[in-house]
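One file, my_file.pdb, carrying PDB, C-alpha atoms and all ligand atoms:
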```pdb
ATOM      1  CA  MET A   1       5.392  53.945  57.588  1.00  0.00           C
ATOM      2  CA  ASP A   2       6.975  53.523  54.186  1.00  0.00           C
ATOM      3  CA  LYS A   3       9.671  50.913  54.798  1.00  0.00           C
ATOM      4  CA  LYS A   4       9.246  47.622  56.673  1.00  0.00           C
ATOM      5  CA  THR A   5       9.997  48.391  60.316  1.00  0.00           C
ATOM      6  CA  VAL A   6      11.314  45.708  62.649  1.00  0.00           C
ATOM      7  CA  ILE A   7      11.185  46.039  66.443  1.00  0.00           C
ATOM      8  CA  ILE A   8      14.062  44.444  68.300  1.00  0.00           C
ATOM      9  CA  SER A   9      14.161  44.306  72.069  1.00  0.00           C
ATOM     10  CA  LEU A  10      17.892  44.021  72.667  1.00  0.00           C
ATOM     11  CA  GLY A  11      18.310  42.353  76.050  1.00  0.00           C
ATOM     12  CA  GLY A  12      20.789  44.015  78.360  1.00  0.00           C
ATOM     13  CA  SER A  13      22.472  40.637  78.858  1.00  0.00           C
ATOM     14  CA  LEU A  14      23.768  40.945  75.285  1.00  0.00           C
ATOM     15  CA  ILE A  15      25.142  44.474  75.597  1.00  0.00           C
ATOM     16  CA  VAL A  16      26.515  44.118  79.133  1.00  0.00           C
ATOM     17  CA  PRO A  17      26.713  40.399  80.079  1.00  0.00           C
ATOM     18  CA  GLU A  18      29.413  41.252  82.634  1.00  0.00           C
ATOM     19  CA  GLU A  19      31.537  43.949  80.999  1.00  0.00           C
ATOM     20  CA  ILE A  20      30.382  45.798  77.872  1.00  0.00           C
ATOM     21  CA  ASP A  21      30.490  43.287  75.005  1.00  0.00           C
ATOM     22  CA  TRP A  22      31.705  45.657  72.285  1.00  0.00           C
ATOM     23  CA  LYS A  23      32.601  42.720  70.016  1.00  0.00           C
ATOM     24  CA  PHE A  24      28.954  41.627  70.008  1.00  0.00           C
ATOM     25  CA  VAL A  25      27.798  45.214  69.452  1.00  0.00           C
ATOM     26  CA  LYS A  26      30.182  45.576  66.511  1.00  0.00           C
ATOM     27  CA  LYS A  27      28.817  42.445  64.809  1.00  0.00           C
ATOM     28  CA  PHE A  28      25.216  43.429  65.596  1.00  0.00           C
ATOM     29  CA  LYS A  29      25.852  46.838  64.018  1.00  0.00           C
ATOM     30  CA  ALA A  30      27.210  45.231  60.842  1.00  0.00           C
ATOM     31  CA  LEU A  31      24.094  43.025  60.545  1.00  0.00           C
ATOM     32  CA  ILE A  32      21.687  45.914  61.106  1.00  0.00           C
ATOM     33  CA  GLU A  33      23.504  48.115  58.583  1.00  0.00           C
ATOM     34  CA  GLU A  34      23.366  45.301  56.035  1.00  0.00           C
ATOM     35  CA  GLN A  35      19.600  45.044  56.548  1.00  0.00           C
ATOM     36  CA  ILE A  36      19.171  48.830  56.328  1.00  0.00           C
ATOM     37  CA  LYS A  37      20.800  48.664  52.882  1.00  0.00           C
ATOM     38  CA  LYS A  38      18.115  46.134  51.939  1.00  0.00           C
ATOM     39  CA  GLY A  39      15.422  48.641  52.905  1.00  0.00           C
ATOM     40  CA  TYR A  40      14.553  47.790  56.505  1.00  0.00           C
ATOM     41  CA  LYS A  41      14.053  50.254  59.367  1.00  0.00           C
ATOM     42  CA  PHE A  42      14.591  49.303  63.010  1.00  0.00           C
ATOM     43  CA  ILE A  43      13.332  50.211  66.447  1.00  0.00           C
ATOM     44  CA  LEU A  44      15.905  49.066  68.993  1.00  0.00           C
ATOM     45  CA  ILE A  45      14.894  48.916  72.660  1.00  0.00           C
ATOM     46  CA  THR A  46      17.842  48.383  74.964  1.00  0.00           C
ATOM     47  CA  GLY A  47      17.803  46.501  78.272  1.00  0.00           C
ATOM     48  CA  GLY A  48      19.859  47.267  81.350  1.00  0.00           C
ATOM     49  CA  GLY A  49      21.988  44.115  81.697  1.00  0.00           C
ATOM     50  CA  LYS A  50      24.632  43.733  84.396  1.00  0.00           C
ATOM     51  CA  THR A  51      24.975  47.511  84.730  1.00  0.00           C
ATOM     52  CA  ALA A  52      21.510  47.568  86.301  1.00  0.00           C
ATOM     53  CA  ARG A  53      22.209  44.591  88.580  1.00  0.00           C
ATOM     54  CA  LYS A  54      25.606  45.913  89.740  1.00  0.00           C
ATOM     55  CA  TYR A  55      24.233  49.319  90.743  1.00  0.00           C
ATOM     56  CA  ILE A  56      21.157  47.808  92.412  1.00  0.00           C
ATOM     57  CA  ASP A  57      23.308  45.364  94.426  1.00  0.00           C
ATOM     58  CA  ALA A  58      25.713  48.145  95.402  1.00  0.00           C
ATOM     59  CA  ALA A  59      22.936  50.493  96.522  1.00  0.00           C
ATOM     60  CA  ALA A  60      21.308  47.699  98.560  1.00  0.00           C
ATOM     61  CA  LYS A  61      24.574  47.134 100.425  1.00  0.00           C
ATOM     62  CA  VAL A  62      24.765  50.792 101.397  1.00  0.00           C
ATOM     63  CA  ASP A  63      21.150  51.408 102.393  1.00  0.00           C
ATOM     64  CA  ASN A  64      17.670  49.879 102.316  1.00  0.00           C
ATOM     65  CA  ILE A  65      16.317  50.727  98.901  1.00  0.00           C
ATOM     66  CA  THR A  66      12.749  50.410  97.684  1.00  0.00           C
ATOM     67  CA  ASP A  67      11.590  48.366  94.689  1.00  0.00           C
ATOM     68  CA  ASP A  68      10.769  51.662  93.028  1.00  0.00           C
ATOM     69  CA  ASP A  69      14.318  52.872  93.439  1.00  0.00           C
ATOM     70  CA  LYS A  70      15.663  49.547  92.138  1.00  0.00           C
ATOM     71  CA  ASP A  71      13.549  50.033  89.036  1.00  0.00           C
ATOM     72  CA  TRP A  72      14.794  53.601  88.587  1.00  0.00           C
ATOM     73  CA  ILE A  73      18.387  52.377  88.669  1.00  0.00           C
ATOM     74  CA  GLY A  74      17.420  49.741  86.092  1.00  0.00           C
ATOM     75  CA  ILE A  75      15.749  52.391  83.928  1.00  0.00           C
ATOM     76  CA  HIS A  76      18.869  54.549  83.965  1.00  0.00           C
ATOM     77  CA  ALA A  77      20.968  51.519  82.973  1.00  0.00           C
ATOM     78  CA  THR A  78      18.655  50.960  79.978  1.00  0.00           C
ATOM     79  CA  ARG A  79      19.047  54.633  79.089  1.00  0.00           C
ATOM     80  CA  MET A  80      22.842  54.462  79.311  1.00  0.00           C
ATOM     81  CA  ASN A  81      22.784  51.460  76.963  1.00  0.00           C
ATOM     82  CA  ALA A  82      20.349  53.268  74.667  1.00  0.00           C
ATOM     83  CA  HIS A  83      22.679  56.242  74.462  1.00  0.00           C
ATOM     84  CA  PHE A  84      25.562  53.892  73.698  1.00  0.00           C
ATOM     85  CA  ILE A  85      23.592  52.179  70.898  1.00  0.00           C
ATOM     86  CA  ARG A  86      22.368  55.517  69.530  1.00  0.00           C
ATOM     87  CA  THR A  87      25.956  56.758  69.482  1.00  0.00           C
ATOM     88  CA  ILE A  88      27.372  53.794  67.577  1.00  0.00           C
ATOM     89  CA  PHE A  89      24.531  54.117  65.057  1.00  0.00           C
ATOM     90  CA  ARG A  90      24.899  57.901  64.844  1.00  0.00           C
ATOM     91  CA  LYS A  91      24.765  57.900  61.025  1.00  0.00           C
ATOM     92  CA  HIS A  92      21.429  56.088  60.977  1.00  0.00           C
ATOM     93  CA  ALA A  93      19.642  56.843  64.239  1.00  0.00           C
ATOM     94  CA  HIS A  94      17.030  59.411  65.189  1.00  0.00           C
ATOM     95  CA  PRO A  95      18.865  61.849  67.495  1.00  0.00           C
ATOM     96  CA  ARG A  96      16.360  61.487  70.353  1.00  0.00           C
ATOM     97  CA  ILE A  97      15.874  58.362  72.418  1.00  0.00           C
ATOM     98  CA  ASN A  98      12.281  57.417  73.189  1.00  0.00           C
ATOM     99  CA  LYS A  99      11.851  57.180  76.962  1.00  0.00           C
ATOM    100  CA  ASN A 100       8.072  57.142  77.075  1.00  0.00           C
ATOM    101  CA  PRO A 101       6.330  54.617  74.836  1.00  0.00           C
ATOM    102  CA  HIS A 102       2.996  56.410  75.375  1.00  0.00           C
ATOM    103  CA  ASP A 103       4.336  59.663  73.971  1.00  0.00           C
ATOM    104  CA  LEU A 104       5.315  59.155  70.382  1.00  0.00           C
ATOM    105  CA  GLU A 105       4.521  62.641  69.138  1.00  0.00           C
ATOM    106  CA  ASP A 106       8.106  63.328  68.061  1.00  0.00           C
ATOM    107  CA  PHE A 107       8.657  59.792  66.837  1.00  0.00           C
ATOM    108  CA  TYR A 108       5.825  58.887  64.467  1.00  0.00           C
ATOM    109  CA  ASP A 109       7.168  58.723  60.951  1.00  0.00           C
ATOM    110  CA  PHE A 110      10.759  59.114  62.042  1.00  0.00           C
ATOM    111  CA  LYS A 111      12.832  59.717  58.937  1.00  0.00           C
ATOM    112  CA  GLU A 112      16.008  57.949  60.012  1.00  0.00           C
ATOM    113  CA  ASP A 113      16.482  54.195  59.649  1.00  0.00           C
ATOM    114  CA  ILE A 114      16.787  53.531  63.395  1.00  0.00           C
ATOM    115  CA  LEU A 115      14.860  54.684  66.436  1.00  0.00           C
ATOM    116  CA  VAL A 116      16.356  53.809  69.825  1.00  0.00           C
ATOM    117  CA  ALA A 117      14.133  53.433  72.899  1.00  0.00           C
ATOM    118  CA  ALA A 118      14.849  52.820  76.585  1.00  0.00           C
ATOM    119  CA  GLY A 119      13.106  52.225  79.931  1.00  0.00           C
ATOM    120  CA  TRP A 120      10.098  54.332  80.900  1.00  0.00           C
ATOM    121  CA  ARG A 121       9.004  54.125  84.533  1.00  0.00           C
ATOM    122  CA  PRO A 122       9.010  51.754  87.528  1.00  0.00           C
ATOM    123  CA  GLY A 123       6.952  48.588  87.492  1.00  0.00           C
ATOM    124  CA  PHE A 124       7.727  47.761  83.878  1.00  0.00           C
ATOM    125  CA  SER A 125      10.466  46.338  81.707  1.00  0.00           C
ATOM    126  CA  THR A 126      11.774  47.041  78.245  1.00  0.00           C
ATOM    127  CA  ASP A 127       9.672  44.028  77.122  1.00  0.00           C
ATOM    128  CA  PHE A 128       6.587  46.030  78.062  1.00  0.00           C
ATOM    129  CA  ASP A 129       7.944  49.193  76.421  1.00  0.00           C
ATOM    130  CA  ALA A 130       8.543  47.186  73.225  1.00  0.00           C
ATOM    131  CA  VAL A 131       4.932  45.948  73.266  1.00  0.00           C
ATOM    132  CA  LEU A 132       3.564  49.488  73.618  1.00  0.00           C
ATOM    133  CA  LEU A 133       5.765  50.766  70.785  1.00  0.00           C
ATOM    134  CA  ALA A 134       4.578  47.880  68.578  1.00  0.00           C
ATOM    135  CA  LYS A 135       0.960  48.641  69.472  1.00  0.00           C
ATOM    136  CA  TYR A 136       1.164  52.380  68.762  1.00  0.00           C
ATOM    137  CA  LEU A 137       3.260  52.019  65.615  1.00  0.00           C
ATOM    138  CA  ASP A 138       1.091  49.170  64.345  1.00  0.00           C
ATOM    139  CA  ILE A 139       3.884  46.606  64.061  1.00  0.00           C
ATOM    140  CA  LYS A 140       2.771  43.014  64.543  1.00  0.00           C
ATOM    141  CA  THR A 141       5.990  41.215  65.506  1.00  0.00           C
ATOM    142  CA  ILE A 142       8.620  41.883  68.162  1.00  0.00           C
ATOM    143  CA  ILE A 143      11.991  40.168  68.070  1.00  0.00           C
ATOM    144  CA  ASN A 144      13.117  39.642  71.633  1.00  0.00           C
ATOM    145  CA  LEU A 145      16.844  38.978  71.727  1.00  0.00           C
ATOM    146  CA  SER A 146      18.313  37.516  74.886  1.00  0.00           C
ATOM    147  CA  ASN A 147      20.755  34.726  75.665  1.00  0.00           C
ATOM    148  CA  ILE A 148      18.475  31.704  75.245  1.00  0.00           C
ATOM    149  CA  ASP A 149      17.869  29.724  72.033  1.00  0.00           C
ATOM    150  CA  TYR A 150      14.339  28.641  72.919  1.00  0.00           C
ATOM    151  CA  VAL A 151      11.753  28.886  75.677  1.00  0.00           C
ATOM    152  CA  CYS A 152      11.766  25.499  77.440  1.00  0.00           C
ATOM    153  CA  ASP A 153       8.991  23.693  79.302  1.00  0.00           C
ATOM    154  CA  LYS A 154      11.121  23.825  82.511  1.00  0.00           C
ATOM    155  CA  ASP A 155      13.965  26.042  83.766  1.00  0.00           C
ATOM    156  CA  PRO A 156      16.930  24.889  81.612  1.00  0.00           C
ATOM    157  CA  ARG A 157      19.427  25.786  84.364  1.00  0.00           C
ATOM    158  CA  LYS A 158      17.793  23.272  86.713  1.00  0.00           C
ATOM    159  CA  PHE A 159      16.563  20.731  84.155  1.00  0.00           C
ATOM    160  CA  PRO A 160      19.070  20.241  81.327  1.00  0.00           C
ATOM    161  CA  ASP A 161      16.714  17.644  79.767  1.00  0.00           C
ATOM    162  CA  CYS A 162      13.924  20.246  79.339  1.00  0.00           C
ATOM    163  CA  LYS A 163      11.965  20.324  76.072  1.00  0.00           C
ATOM    164  CA  LYS A 164      12.514  23.222  73.629  1.00  0.00           C
ATOM    165  CA  ILE A 165       9.305  24.874  72.485  1.00  0.00           C
ATOM    166  CA  LYS A 166       9.208  26.169  68.901  1.00  0.00           C
ATOM    167  CA  GLU A 167       5.741  27.696  68.952  1.00  0.00           C
ATOM    168  CA  MET A 168       3.257  28.383  71.718  1.00  0.00           C
ATOM    169  CA  SER A 169       0.145  30.421  72.449  1.00  0.00           C
ATOM    170  CA  TRP A 170       0.067  33.371  74.847  1.00  0.00           C
ATOM    171  CA  ALA A 171      -2.221  31.333  77.115  1.00  0.00           C
ATOM    172  CA  GLU A 172       0.434  28.594  77.373  1.00  0.00           C
ATOM    173  CA  PHE A 173       3.261  31.062  77.879  1.00  0.00           C
ATOM    174  CA  ARG A 174       1.395  33.070  80.515  1.00  0.00           C
ATOM    175  CA  LYS A 175       0.662  29.911  82.461  1.00  0.00           C
ATOM    176  CA  MET A 176       4.450  29.483  82.711  1.00  0.00           C
ATOM    177  CA  VAL A 177       5.465  33.025  83.730  1.00  0.00           C
ATOM    178  CA  GLY A 178       2.532  33.958  85.968  1.00  0.00           C
ATOM    179  CA  ASN A 179       1.035  37.422  86.401  1.00  0.00           C
ATOM    180  CA  LYS A 180       3.364  39.256  88.720  1.00  0.00           C
ATOM    181  CA  TRP A 181       6.227  41.622  87.982  1.00  0.00           C
ATOM    182  CA  ASP A 182       9.341  41.579  90.224  1.00  0.00           C
ATOM    183  CA  PRO A 183      12.222  44.020  89.717  1.00  0.00           C
ATOM    184  CA  GLY A 184      15.096  42.136  88.113  1.00  0.00           C
ATOM    185  CA  MET A 185      13.009  39.038  87.340  1.00  0.00           C
ATOM    186  CA  ASN A 186      14.339  36.742  84.661  1.00  0.00           C
ATOM    187  CA  ALA A 187      11.397  35.445  82.588  1.00  0.00           C
ATOM    188  CA  PRO A 188      12.001  35.153  78.796  1.00  0.00           C
ATOM    189  CA  PHE A 189       9.251  37.803  78.378  1.00  0.00           C
ATOM    190  CA  ASP A 190       7.798  39.567  81.386  1.00  0.00           C
ATOM    191  CA  PRO A 191       4.255  38.744  82.629  1.00  0.00           C
ATOM    192  CA  ILE A 192       2.765  42.237  82.267  1.00  0.00           C
ATOM    193  CA  ALA A 193       4.239  42.650  78.785  1.00  0.00           C
ATOM    194  CA  SER A 194       2.864  39.201  77.884  1.00  0.00           C
ATOM    195  CA  LYS A 195      -0.663  40.203  78.942  1.00  0.00           C
ATOM    196  CA  GLU A 196      -0.452  43.384  76.847  1.00  0.00           C
ATOM    197  CA  ALA A 197       0.970  41.455  73.865  1.00  0.00           C
ATOM    198  CA  GLN A 198      -1.811  38.870  74.051  1.00  0.00           C
ATOM    199  CA  GLU A 199      -4.505  41.558  74.237  1.00  0.00           C
ATOM    200  CA  ASN A 200      -3.067  43.229  71.143  1.00  0.00           C
ATOM    201  CA  ASN A 201      -2.566  40.018  69.142  1.00  0.00           C
ATOM    202  CA  LEU A 202       1.154  40.564  68.828  1.00  0.00           C
ATOM    203  CA  GLU A 203       3.651  37.895  67.930  1.00  0.00           C
ATOM    204  CA  VAL A 204       6.935  37.706  69.839  1.00  0.00           C
ATOM    205  CA  ALA A 205       9.942  35.789  68.555  1.00  0.00           C
ATOM    206  CA  ILE A 206      12.265  34.857  71.409  1.00  0.00           C
ATOM    207  CA  MET A 207      15.754  34.162  70.091  1.00  0.00           C
ATOM    208  CA  ASN A 208      19.397  34.122  71.054  1.00  0.00           C
ATOM    209  CA  GLY A 209      20.971  37.420  70.057  1.00  0.00           C
ATOM    210  CA  LYS A 210      24.442  35.915  70.300  1.00  0.00           C
ATOM    211  CA  ASN A 211      23.617  33.810  67.258  1.00  0.00           C
ATOM    212  CA  LEU A 212      23.625  36.617  64.691  1.00  0.00           C
ATOM    213  CA  PRO A 213      23.573  34.318  61.607  1.00  0.00           C
ATOM    214  CA  ASN A 214      20.318  32.939  63.062  1.00  0.00           C
ATOM    215  CA  LEU A 215      18.861  36.451  63.426  1.00  0.00           C
ATOM    216  CA  LYS A 216      19.880  37.186  59.847  1.00  0.00           C
ATOM    217  CA  ASN A 217      18.062  34.028  58.684  1.00  0.00           C
ATOM    218  CA  TYR A 218      14.954  35.073  60.591  1.00  0.00           C
ATOM    219  CA  LEU A 219      15.014  38.590  59.132  1.00  0.00           C
ATOM    220  CA  GLU A 220      15.412  37.139  55.665  1.00  0.00           C
ATOM    221  CA  GLY A 221      12.459  34.785  56.154  1.00  0.00           C
ATOM    222  CA  LYS A 222      14.622  31.651  56.307  1.00  0.00           C
ATOM    223  CA  LYS A 223      14.517  28.825  58.855  1.00  0.00           C
ATOM    224  CA  ALA A 224      15.696  30.052  62.276  1.00  0.00           C
ATOM    225  CA  LYS A 225      15.938  28.811  65.854  1.00  0.00           C
ATOM    226  CA  GLY A 226      13.691  30.454  68.418  1.00  0.00           C
ATOM    227  CA  THR A 227      10.284  30.325  70.089  1.00  0.00           C
ATOM    228  CA  ILE A 228       7.336  32.053  68.456  1.00  0.00           C
ATOM    229  CA  ILE A 229       4.637  33.120  70.924  1.00  0.00           C
ATOM    230  CA  LYS A 230       1.340  34.178  69.379  1.00  0.00           C
TER
HETATM  231  P1  LIG B 301      15.087  45.282  81.501  1.00  0.00           P
HETATM  232  O1  LIG B 301      14.536  44.215  82.365  1.00  0.00           O
HETATM  233  O2  LIG B 301      14.245  45.640  80.406  1.00  0.00           O
HETATM  234  O3  LIG B 301      16.534  44.998  81.019  1.00  0.00           O
HETATM  235  O4  LIG B 301      15.396  46.564  82.380  1.00  0.00           O
HETATM  236  P2  LIG B 301      17.303  43.659  80.632  1.00  0.00           P
HETATM  237  O5  LIG B 301      18.697  43.894  80.983  1.00  0.00           O
HETATM  238  O6  LIG B 301      16.980  43.319  79.228  1.00  0.00           O
HETATM  239  O7  LIG B 301      16.647  42.585  81.580  1.00  0.00           O
HETATM  240  P3  LIG B 301      17.024  41.086  81.754  1.00  0.00           P
HETATM  241  O8  LIG B 301      18.490  41.026  82.087  1.00  0.00           O
HETATM  242  O9  LIG B 301      16.673  40.436  80.449  1.00  0.00           O
HETATM  243  O10 LIG B 301      16.101  40.696  82.909  1.00  0.00           O
HETATM  244  C1  LIG B 301      16.226  46.491  83.503  1.00  0.00           C
HETATM  245  C2  LIG B 301      15.463  46.910  84.729  1.00  0.00           C
HETATM  246  O11 LIG B 301      15.041  48.285  84.600  1.00  0.00           O
HETATM  247  C3  LIG B 301      13.780  48.488  85.197  1.00  0.00           C
HETATM  248  C4  LIG B 301      13.374  47.131  85.775  1.00  0.00           C
HETATM  249  O12 LIG B 301      13.777  47.056  87.126  1.00  0.00           O
HETATM  250  C5  LIG B 301      14.163  46.149  84.939  1.00  0.00           C
HETATM  251  O13 LIG B 301      14.393  44.917  85.598  1.00  0.00           O
HETATM  252  N1  LIG B 301      12.816  49.031  84.205  1.00  0.00           N
HETATM  253  C6  LIG B 301      13.056  48.970  82.857  1.00  0.00           C
HETATM  254  C7  LIG B 301      11.659  49.670  84.656  1.00  0.00           C
HETATM  255  O14 LIG B 301      11.407  49.737  85.861  1.00  0.00           O
HETATM  256  N2  LIG B 301      10.801  50.243  83.744  1.00  0.00           N
HETATM  257  C8  LIG B 301      11.015  50.192  82.414  1.00  0.00           C
HETATM  258  O15 LIG B 301      10.190  50.741  81.644  1.00  0.00           O
HETATM  259  C9  LIG B 301      12.181  49.524  81.963  1.00  0.00           C
END
```

Translate this file's structure into structure tokens.
Amino acid sequence: MDKKTVIISLGGSLIVPEEIDWKFVKKFKALIEEQIKKGYKFILITGGGKTARKYIDAAAKVDNITDDDKDWIGIHATRMNAHFIRTIFRKHAHPRINKNPHDLEDFYDFKEDILVAAGWRPGFSTDFDAVLLAKYLDIKTIINLSNIDYVCDKDPRKFPDCKKIKEMSWAEFRKMVGNKWDPGMNAPFDPIASKEAQENNLEVAIMNGKNLPNLKNYLEGKKAKGTIIK
């Protein structure tokens, strides 16, 4: 690829924390467009956020639903968000959304400045999809934007005195998150995606997407908050 391409996994909690956070999306768009002017290209993978959770909870109240079906609802939420993001970046984005990270035939060497991707199939997460896209497109770093500043040594909701981790190995991180995938689980980066990232020597930067000046610093190679896993 000619220009420097950055992969951002845009956590659903940023797009739809409760309602759709269009103010965040507007500021995110401005930052991405500024970086495009500087010559960057972006792959944006969108999560499902509250849309996924609300539909899953509603369906479970009406009938017994399987884990597979929960995942499918989640996948469709990621696709709705992907369509939303593709629409607001219409001027810059490839018209098709990637929904299968193993099938990049139409997406290699995309000419536009943005490619949007969404969920693929049950048993995975957009973290995993981001890792596969990085692997196939030969991109070494994934920026994983969610609503935490750092990975901590303990759950920060239960232990407010937890220690922030600035850099850690995949072995250390995987000891924390375990090896099992649960639909709707809330690890900073999911266990299966972590295994795949480790095997492919990828680096993942976990940072708070709400702090856009921080993301800008990171993109511009300046000091930034966040946890680097490598
Ligand atoms: P994500 O877990 O990727 O979205 O997908 P998110 O909103 O960023 O997640 P959180 O809030 O940080 O946890 C939402 C759900 O969609 C299903 C999973 O059930 C996942 O929890 N999904 C997504 C899949 O089953 N396969 C995929 O490839 C992607």

Using the chain letters and residue numbers of this document, give as a VMD selection string the residues selected by the PyMOL selection byres (((chain A and resi 35) around 12) and not hetatm). chain A and resid 3 to 6 28 to 34 36 to 42 113 to 114 215 to 220

The residues within 12 Å of (21.9, 49.7, 84.3), using all atoms listed in the file and the coordinates of the file, should be reported as a ChimeraX atom specification; which are they? /A:11-13,15-20,46-58,70-84,118-119,184

Expanded to explicit residues, what is the PyMOL selection byres (((chain A and resi 204) around 7) and not hetatm) for this file, as a list in words?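 When the PyMOL selection byres (((chain A and resi 204) around 7) and not hetatm) is applied to the shown file, the picked residues are Thr141, Ile142, Ile143, Asn144, Leu202, Glu203, Ala205, Ile206, Ile228, Ile229 and Lys230 of chain A.
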
Excluding same-chain residues fewer than 2 positions from Met176 in chain A, what lies within 12 Å of it counting all atoms listed in the file, as a PDB file with C-alpha atoms, in the coordinates of the input?
```pdb
ATOM      1  CA  VAL A 151      11.753  28.886  75.677  1.00  0.00           C
ATOM      2  CA  CYS A 152      11.766  25.499  77.440  1.00  0.00           C
ATOM      3  CA  ASP A 153       8.991  23.693  79.302  1.00  0.00           C
ATOM      4  CA  LYS A 154      11.121  23.825  82.511  1.00  0.00           C
ATOM      5  CA  ASP A 155      13.965  26.042  83.766  1.00  0.00           C
ATOM      6  CA  MET A 168       3.257  28.383  71.718  1.00  0.00           C
ATOM      7  CA  SER A 169       0.145  30.421  72.449  1.00  0.00           C
ATOM      8  CA  TRP A 170       0.067  33.371  74.847  1.00  0.00           C
ATOM      9  CA  ALA A 171      -2.221  31.333  77.115  1.00  0.00           C
ATOM     10  CA  GLU A 172       0.434  28.594  77.373  1.00  0.00           C
ATOM     11  CA  PHE A 173       3.261  31.062  77.879  1.00  0.00           C
ATOM     12  CA  ARG A 174       1.395  33.070  80.515  1.00  0.00           C
ATOM     13  CA  GLY A 178       2.532  33.958  85.968  1.00  0.00           C
ATOM     14  CA  ASN A 179       1.035  37.422  86.401  1.00  0.00           C
ATOM     15  CA  LYS A 180       3.364  39.256  88.720  1.00  0.00           C
ATOM     16  CA  ALA A 187      11.397  35.445  82.588  1.00  0.00           C
ATOM     17  CA  PRO A 188      12.001  35.153  78.796  1.00  0.00           C
ATOM     18  CA  PHE A 189       9.251  37.803  78.378  1.00  0.00           C
ATOM     19  CA  ASP A 190       7.798  39.567  81.386  1.00  0.00           C
ATOM     20  CA  PRO A 191       4.255  38.744  82.629  1.00  0.00           C
ATOM     21  CA  SER A 194       2.864  39.201  77.884  1.00  0.00           C
TER      22      SER A 194
END
```

Could you list, as a count of residues only, every residue within 9 Å of range 93-96 of chain A, counting only C-alpha atoms and ignoring same-chain residues fewer than 6 positions away? 12

Can you work out the spacing between CA of Gly221 in chain A and CA of Ser125 in chain A in Å, to one decimal? 28.1 Å

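The gap separating CA of Ile7 in chain A from CA of Arg90 in chain A is 18.2 Å, in Å to one decimal.
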
Using all atoms listed in the file, which of the listed residues (A:Arg157, A:Lys27, A:Arg121, A:Lys225) sits closest to ligand LIG 301 (chain B)?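 Selected residue with least distance to ligand LIG 301 (chain B): A:Arg121.
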
By how many Å are CA of Glu105 in chain A and CA of Ala197 in chain A apart?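 Distance between the two atoms: 22.0 Å.
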
Report the residues retrieved by the PyMOL selection byres (((chain A and resi 208) around 9) and not hetatm) from the displayed file, expressed as an MDAnalysis selection string. chainID A and resid 144:150 206:207 209:212 214:215 225:226
